[in-house]
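A short worksheet on the structure shown next.
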Amino acid sequence: MVVSASTDGWYPRSFVLTDIVDSVSLWERDAELMSEAVARHDTIIGREVVVAGGVLVRSKGEGDSSFSVFAHPAAAVAAAMAI
């Protein structure tokens with residue numbers, strides 16, 4: 001028997017997490033350029049998550065990371081590929 005989300009409150013979700021690799025050394029090398037890159041990074045993530053039907057739960061969770069939630073795995077994959 002399959003129990004629906006309305007009866008037990010549980011339903012699966014898919015997540016997309018991002019992080020800029022080696023960002024500390026990139027900040028140290030050129031803070032101005034990195035500031036521009038992170039702003040572009042955040043804009044792209046915010047846009048693509050919404051386009052794919054997800055919710056950006058946290059931007060700048062740890063440093064430059066982000067955490068997004070999607071109702072369907074295909075939407076999470078579509079957002080990840082677009083990002």
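Here's how to read the names in the structure tokens: chain A, B, ... by the order shown, residue numbers from 1 in each chain, ligand numbers from 1 in the order shown.
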
Worksheet item: Which polymer residues have any atom within 6 Å of an atom of Gly54 of chain A, counting only C-alpha atoms, with same-chain residues fewer than 2 positions away left out, as a list of chain:residue names?
Response: A:Val49, A:Val50, A:Ala52, A:Val69, A:Phe70

Worksheet entry | Leu56 of chain A environment, 10 Å, only C-alpha atoms, sequence neighbours closer than 4 positions dropped, as a ChimeraX atom specification | /A:15-17,45-50,66-70

Expected file: the selected residues, C-alpha atoms, as a PDB file, in the first residue's frame:
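Contents of the output file out.pdb:
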ATOM      1  CA  PHE A  15      18.579  18.824  -3.180  1.00  0.00           C
ATOM      2  CA  VAL A  16      21.186  20.804  -5.084  1.00  0.00           C
ATOM      3  CA  LEU A  17      24.176  22.095  -3.156  1.00  0.00           C
ATOM      4  CA  ILE A  45      21.896  30.008  -9.078  1.00  0.00           C
ATOM      5  CA  GLY A  46      18.910  32.077  -7.956  1.00  0.00           C
ATOM      6  CA  ARG A  47      17.556  32.324 -11.497  1.00  0.00           C
ATOM      7  CA  GLU A  48      18.057  28.677 -12.482  1.00  0.00           C
ATOM      8  CA  VAL A  49      16.603  27.301  -9.256  1.00  0.00           C
ATOM      9  CA  VAL A  50      13.415  29.317  -9.761  1.00  0.00           C
ATOM     10  CA  SER A  66      24.051  27.403  -1.587  1.00  0.00           C
ATOM     11  CA  PHE A  67      21.322  24.886  -0.791  1.00  0.00           C
ATOM     12  CA  SER A  68      18.189  24.419  -2.927  1.00  0.00           C
ATOM     13  CA  VAL A  69      15.226  22.039  -2.692  1.00  0.00           C
ATOM     14  CA  PHE A  70      13.152  20.530  -5.504  1.00  0.00           C
TER      15      PHE A  70
END

Worksheet item: Pick the closest to Ser35 of chain A from A:Ser23, A:Ala74, A:Tyr11, A:Met81: which is it, counting only C-alpha atoms?
Response: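 Ranked by minimum distance to Ser35 of chain A, first place goes to A:Ser23.
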
Worksheet item: chain A: which residues are alpha helix (DSSP H) by DSSP, as a count of residues only?
Response: 42

Item to complete: Mind giving me the straight-line distance from atom CA of Asp64 of chain A to atom CA of Thr43 of chain A in Å, one decimal?
Response: 12.4 Å

Worksheet entry | Counting only C-alpha atoms, the option among A:Arg13, A:Trp27, A:Thr18, A:Val57 closest to Ile44 of chain A |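 Smallest distance to Ile44 of chain A is found for A:Thr18.
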
Worksheet item: Taking only C-alpha atoms into account, which of A:Ala75, A:Ala82, A:Gly9, A:Asp19 comes nearest Val38 of chain A?
Response: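 Selected residue with least distance to Val38 of chain A: A:Asp19.
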
Practice prompt. Determine which residues of chain A DSSP labels as strand (DSSP E or B) from the backbone of this structure, then write them out as an NGL selection string.
Written response: :A and (14-18 or 55-59 or 66-70)

Keeping only N, CA, C and O atoms, take the residues you just selected and write them out as an mmCIF file, in the first residue's frame.
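This went into part-v1.cif:
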data_model
loop_
_atom_site.group_PDB
_atom_site.id
_atom_site.type_symbol
_atom_site.label_atom_id
_atom_site.label_comp_id
_atom_site.auth_asym_id
_atom_site.auth_seq_id
_atom_site.Cartn_x
_atom_site.Cartn_y
_atom_site.Cartn_z
ATOM 1 N N SER A 14 14.441 16.483 -3.522
ATOM 2 C CA SER A 14 15.792 16.415 -4.082
ATOM 3 C C SER A 14 16.493 17.728 -3.775
ATOM 4 O O SER A 14 15.860 18.788 -3.730
ATOM 5 N N PHE A 15 17.809 17.654 -3.577
ATOM 6 C CA PHE A 15 18.579 18.824 -3.180
ATOM 7 C C PHE A 15 19.693 19.108 -4.175
ATOM 8 O O PHE A 15 20.249 18.193 -4.779
ATOM 9 N N VAL A 16 20.011 20.377 -4.330
ATOM 10 C CA VAL A 16 21.186 20.804 -5.084
ATOM 11 C C VAL A 16 22.003 21.688 -4.155
ATOM 12 O O VAL A 16 21.488 22.658 -3.600
ATOM 13 N N LEU A 17 23.256 21.306 -3.975
ATOM 14 C CA LEU A 17 24.176 22.095 -3.156
ATOM 15 C C LEU A 17 25.309 22.565 -4.055
ATOM 16 O O LEU A 17 25.782 21.815 -4.899
ATOM 17 N N THR A 18 25.733 23.804 -3.875
ATOM 18 C CA THR A 18 26.841 24.326 -4.660
ATOM 19 C C THR A 18 27.912 24.883 -3.731
ATOM 20 O O THR A 18 27.640 25.232 -2.583
ATOM 21 N N VAL A 55 13.334 25.833 -4.757
ATOM 22 C CA VAL A 55 13.380 26.901 -3.760
ATOM 23 C C VAL A 55 14.809 27.008 -3.256
ATOM 24 O O VAL A 55 15.388 26.019 -2.792
ATOM 25 N N LEU A 56 15.375 28.207 -3.347
ATOM 26 C CA LEU A 56 16.704 28.462 -2.799
ATOM 27 C C LEU A 56 16.529 28.659 -1.301
ATOM 28 O O LEU A 56 16.008 29.676 -0.845
ATOM 29 N N VAL A 57 16.916 27.652 -0.531
ATOM 30 C CA VAL A 57 16.717 27.678 0.912
ATOM 31 C C VAL A 57 17.767 28.549 1.590
ATOM 32 O O VAL A 57 17.463 29.320 2.484
ATOM 33 N N ARG A 58 19.003 28.415 1.135
ATOM 34 C CA ARG A 58 20.064 29.178 1.771
ATOM 35 C C ARG A 58 21.144 29.531 0.760
ATOM 36 O O ARG A 58 21.703 28.673 0.114
ATOM 37 N N SER A 59 21.411 30.804 0.672
ATOM 38 C CA SER A 59 22.539 31.287 -0.106
ATOM 39 C C SER A 59 23.563 31.786 0.901
ATOM 40 O O SER A 59 23.202 32.405 1.896
ATOM 41 N N SER A 66 25.499 27.222 -1.521
ATOM 42 C CA SER A 66 24.051 27.403 -1.587
ATOM 43 C C SER A 66 23.370 26.044 -1.419
ATOM 44 O O SER A 66 23.980 25.000 -1.645
ATOM 45 N N PHE A 67 22.109 26.089 -1.033
ATOM 46 C CA PHE A 67 21.322 24.886 -0.791
ATOM 47 C C PHE A 67 19.923 25.119 -1.346
ATOM 48 O O PHE A 67 19.247 26.073 -0.945
ATOM 49 N N SER A 68 19.503 24.284 -2.297
ATOM 50 C CA SER A 68 18.189 24.419 -2.927
ATOM 51 C C SER A 68 17.427 23.106 -2.841
ATOM 52 O O SER A 68 18.026 22.037 -2.819
ATOM 53 N N VAL A 69 16.094 23.211 -2.822
ATOM 54 C CA VAL A 69 15.226 22.039 -2.692
ATOM 55 C C VAL A 69 14.262 21.992 -3.874
ATOM 56 O O VAL A 69 13.728 23.020 -4.301
ATOM 57 N N PHE A 70 14.028 20.760 -4.355
ATOM 58 C CA PHE A 70 13.152 20.530 -5.504
ATOM 59 C C PHE A 70 12.191 19.395 -5.180
ATOM 60 O O PHE A 70 12.551 18.436 -4.505
#

Item to complete: Could you give me, as an NGL selection string, the residues within 12 Å of segment 32-34 of chain A, counting only C-alpha atoms and dropping anything in the same chain fewer than 6 positions from it?
Response: :A and (20 or 22-26 or 40-41 or 64)

Discussion item. Ranking A:Pro12, A:Val51, A:Asp42, A:Val77 by minimum distance to Ser65 of chain A and counting only C-alpha atoms, which one comes first?
Written reply: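 Closest residue, counting only C-alpha atoms: A:Asp42.
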